[in-house]
Amino acid sequence: ISEEELLKKRAIIGSQVWKNTTFEIKDIPTPNPNSDEILIKVKSCGICGSDTHLYETDEEGYIIFSGLTKLPCIIGHEFSGIVEKAGSNVREFKKGDKIAVESIMWCGRCQSCRSGFPNQCKYIELMGLSADGAFAEYVTVSEKYCWKINDLVNVYQEEDTFDIGALIEPVGCAYNGIFIVGGGFNPGATVVVYGAGPIGLGAITLSKIAGASRIIAFDVIEERVKIARDAGADFAFNINKLDGCAPGDKVMEITRGWGADIQVEAAGAAPKTIPEMERSMAINGKIIYLGRAATSTAMHLDILVSGANKIVGARGHSGHGIFPSIIRLITAGKLHLEKMITARYTFNKIMEAIKASSARKDGKILIKM
């Protein structure tokens, strides 16, 4: 642990620091927004894999989540709600607006932000992980992280707009990885997704509307394999039921030896997925690594040279017009995310919901406030 981490009580790699954590529900005062902030009445908040990894521990009691954390903290960061009150300097929002919120709290002043990389902000905070989040009745957020979703009522019933709004953040992570950091793909491409959790499902739905000719999904849980099919995967397989055939071999079989143009790692299981992906890459293929895990794995780098291949990592969903692009796609009736939602819980059953999330049989679990 660095001196700065000790001083700020803020761990860069949470899984190496926080041990024997506990969860509790408590009453706190309603926060007051600063002049540039919005007080939001939370309506719907999704359980992210990061939240589950705060709950889960290794054999020594350390949390599984490997990212930035500061505890204690109100968790929850995939959310939507209604503007309850706007600070005196807020310009774009008024009371009653329906909004979705970025969870990457970028400063806008450091070199990374000013160079167009807000997800790599030098002074980044992560809502619900290193700063208080949205598993609460109210939360205050800077105006610059908020986006209106008022027009979603043209597509969904009013209450459903908040559920869909809460999915913009995780789907934004997939959008950022595939189209911004990864550079996208040509219509007709073959896309492979490892991990049919919420971000993997986001990758499937986005790839479908972007013109992928074949989408192949892999998971180890049968329920998620079915959800992947419902979300638009043309082929979806349980890795444990391939009758001795490796996932990479299955990709080569389906593509008749060509391989995958884009492969998305959304499982956070690099030691198992990278070997399969590297041997089933098409010429000029790309691996997009979205999964979070404090692990390392070997890779034969020569394939990047001989096959003109690439591997990129991506974090976050901020900048590059990601949120407004997804909102427009939903409003236009082109992007349908409702099949990602497989369970809803009321706030008083949040611990039951987190335990259910740990079973990894659902797509997206939402907490209704």
# chains A, B, ... in the order shown; residues from 1 in each chain; ligands from 1
call {"tool": "residues_around", "arguments": {"residues": "A:Glu276", "least_positions_apart": "3", "cutoff": "9 Å", "atoms": "only C-alpha atoms", "output": "PyMOL selection string"}}
result
chain A and resi 246-249+272-273+279-280
call {"tool": "residues_around", "arguments": {"residues": "A:Gly46", "least_positions_apart": "4", "cutoff": "8 Å", "atoms": "only C-alpha atoms", "output": "PyMOL selection string"}}
result
chain A and resi 76-79+166-167+364-367
call {"tool": "closest_residue", "arguments": {"among": "A:Ala267, A:Ile288, A:Ala228, A:Ala196", "to": "A:Gly184", "atoms": "only C-alpha atoms"}}
result
A:Ile288
call {"tool": "residues_around", "arguments": {"residues": "A:Ile274", "least_positions_apart": "4", "cutoff": "10 Å", "atoms": "only C-alpha atoms", "output": "list in words"}}
result
Tyr194, Gly248, Gln263, Glu265, Ala269, Ala270, Glu278, Arg279, Ser280, Ile287, Tyr289, Thr297, Ala298, Met299 and His300 of chain A
call {"tool": "residues_around", "arguments": {"residues": "A:Val225", "least_positions_apart": "6", "cutoff": "9 Å", "atoms": "only C-alpha atoms", "output": "VMD selection string"}}
result
chain A and resid 196 217 to 219 236 to 238
call {"tool": "residues_around", "arguments": {"residues": "A:Val181", "least_positions_apart": "4", "cutoff": "8 Å", "atoms": "only C-alpha atoms", "output": "PDB file with C-alpha atoms, in the first residue's frame"}}
result
ATOM      1  CA  ASN A 176     -16.787   2.068 -25.233  1.00  0.00           C
ATOM      2  CA  GLY A 177     -14.852  -1.174 -25.569  1.00  0.00           C
ATOM      3  CA  VAL A 312      -7.059  -3.662 -26.226  1.00  0.00           C
ATOM      4  CA  GLY A 313      -8.384  -3.020 -22.752  1.00  0.00           C
ATOM      5  CA  ALA A 314     -11.230  -0.658 -21.975  1.00  0.00           C
TER       6      ALA A 314
END
call {"tool": "residues_around", "arguments": {"residues": "A:Trp106", "least_positions_apart": "2", "cutoff": "8 Å", "atoms": "only C-alpha atoms", "output": "JSON, numbers by chain"}}
result
{"A": [104, 108, 113, 118, 119, 121, 123, 124, 125]}
call {"tool": "atom_distance", "arguments": {"atom1": "atom CA of A:Gly363", "atom2": "atom CA of A:His320"}}
result
26.5 Å
call {"tool": "select_by_dssp", "arguments": {"residues": "stretch 164-328 of chain A", "states": "alpha helix (DSSP H)", "output": "VMD selection string"}}
result
chain A and resid 164 to 166 168 to 175 198 to 209 222 to 231 247 to 254 270 to 278 302 to 306 322 to 328
call {"tool": "atom_distance", "arguments": {"atom1": "atom CA of A:Gly67", "atom2": "atom CA of A:Ser50"}}
result
8.5 Å
call {"tool": "select_by_dssp", "arguments": {"residues": "stretch 77-297 of chain A", "states": "strand (DSSP E)", "output": "VMD selection string"}}
result
chain A and resid 78 to 86 98 to 101 104 to 105 125 to 126 138 to 142 146 to 148 190 to 194 214 to 219 235 to 238 260 to 265 281 to 289
call {"tool": "atom_distance", "arguments": {"atom1": "atom CA of A:Phe347", "atom2": "atom CA of A:Ile47"}}
result
11.6 Å
call {"tool": "closest_residue", "arguments": {"among": "A:Met351, A:Ile75, A:Ile341, A:Ile283", "to": "A:Ile164", "atoms": "only C-alpha atoms"}}
result
A:Ile341
call {"tool": "residues_around", "arguments": {"residues": "A:Phe179", "least_positions_apart": "5", "cutoff": "10 Å", "atoms": "only C-alpha atoms", "output": "ChimeraX atom specification"}}
result
/A:174,184-185,206-207,210,322
call {"tool": "closest_residue", "arguments": {"among": "A:Ala231, A:Ala293, A:Ile209, A:Val192", "to": "A:Ala260", "atoms": "only C-alpha atoms"}}
result
A:Val192
call {"tool": "closest_residue", "arguments": {"among": "A:Ile326, A:Ile178, A:Ile168, A:Val83", "to": "A:Lys41", "atoms": "only C-alpha atoms"}}
result
A:Val83
call {"tool": "closest_residue", "arguments": {"among": "A:Lys122, A:Ile25, A:Gly172, A:Ser88", "to": "A:Arg109", "atoms": "only C-alpha atoms"}}
result
A:Lys122
call {"tool": "closest_residue", "arguments": {"among": "A:Val141, A:Ala86, A:Ala332, A:Ala282", "to": "A:Ser103", "atoms": "only C-alpha atoms"}}
result
A:Val141
call {"tool": "decode", "arguments": {"residues": "stretch 311-347 of chain A", "atoms": "C-alpha atoms", "output": "tab-separated table (two decimals), in the first residue's frame"}}
result
chain	number	residue	atom	x	y	z
A	311	ILE	CA	-5.67	-6.69	-28.06
A	312	VAL	CA	-7.06	-3.66	-26.23
A	313	GLY	CA	-8.38	-3.02	-22.75
A	314	ALA	CA	-11.23	-0.66	-21.97
A	315	ARG	CA	-12.76	0.78	-18.83
A	316	GLY	CA	-15.79	2.96	-18.36
A	317	HIS	CA	-18.41	4.67	-20.46
A	318	SER	CA	-17.66	8.40	-20.24
A	319	GLY	CA	-16.90	10.80	-23.07
A	320	HIS	CA	-17.03	10.26	-26.84
A	321	GLY	CA	-20.80	10.80	-26.92
A	322	ILE	CA	-21.41	7.31	-25.53
A	323	PHE	CA	-24.39	8.04	-23.27
A	324	PRO	CA	-26.28	10.26	-25.76
A	325	SER	CA	-25.61	7.75	-28.57
A	326	ILE	CA	-27.15	4.91	-26.56
A	327	ILE	CA	-30.09	7.10	-25.51
A	328	ARG	CA	-30.76	7.98	-29.16
A	329	LEU	CA	-30.60	4.32	-30.21
A	330	ILE	CA	-33.12	3.39	-27.51
A	331	THR	CA	-35.41	6.31	-28.33
A	332	ALA	CA	-35.32	5.40	-32.03
A	333	GLY	CA	-36.51	1.89	-31.17
A	334	LYS	CA	-33.34	0.30	-32.52
A	335	LEU	CA	-31.68	-0.83	-29.27
A	336	HIS	CA	-33.81	-3.11	-27.09
A	337	LEU	CA	-32.37	-3.78	-23.65
A	338	GLU	CA	-35.40	-5.09	-21.76
A	339	LYS	CA	-34.44	-8.75	-22.26
A	340	MET	CA	-31.31	-8.14	-20.21
A	341	ILE	CA	-33.48	-7.61	-17.11
A	342	THR	CA	-34.26	-10.91	-15.42
A	343	ALA	CA	-35.12	-9.90	-11.84
A	344	ARG	CA	-36.36	-6.93	-9.86
A	345	TYR	CA	-36.18	-6.50	-6.07
A	346	THR	CA	-37.45	-3.82	-3.74
A	347	PHE	CA	-34.84	-1.96	-1.71
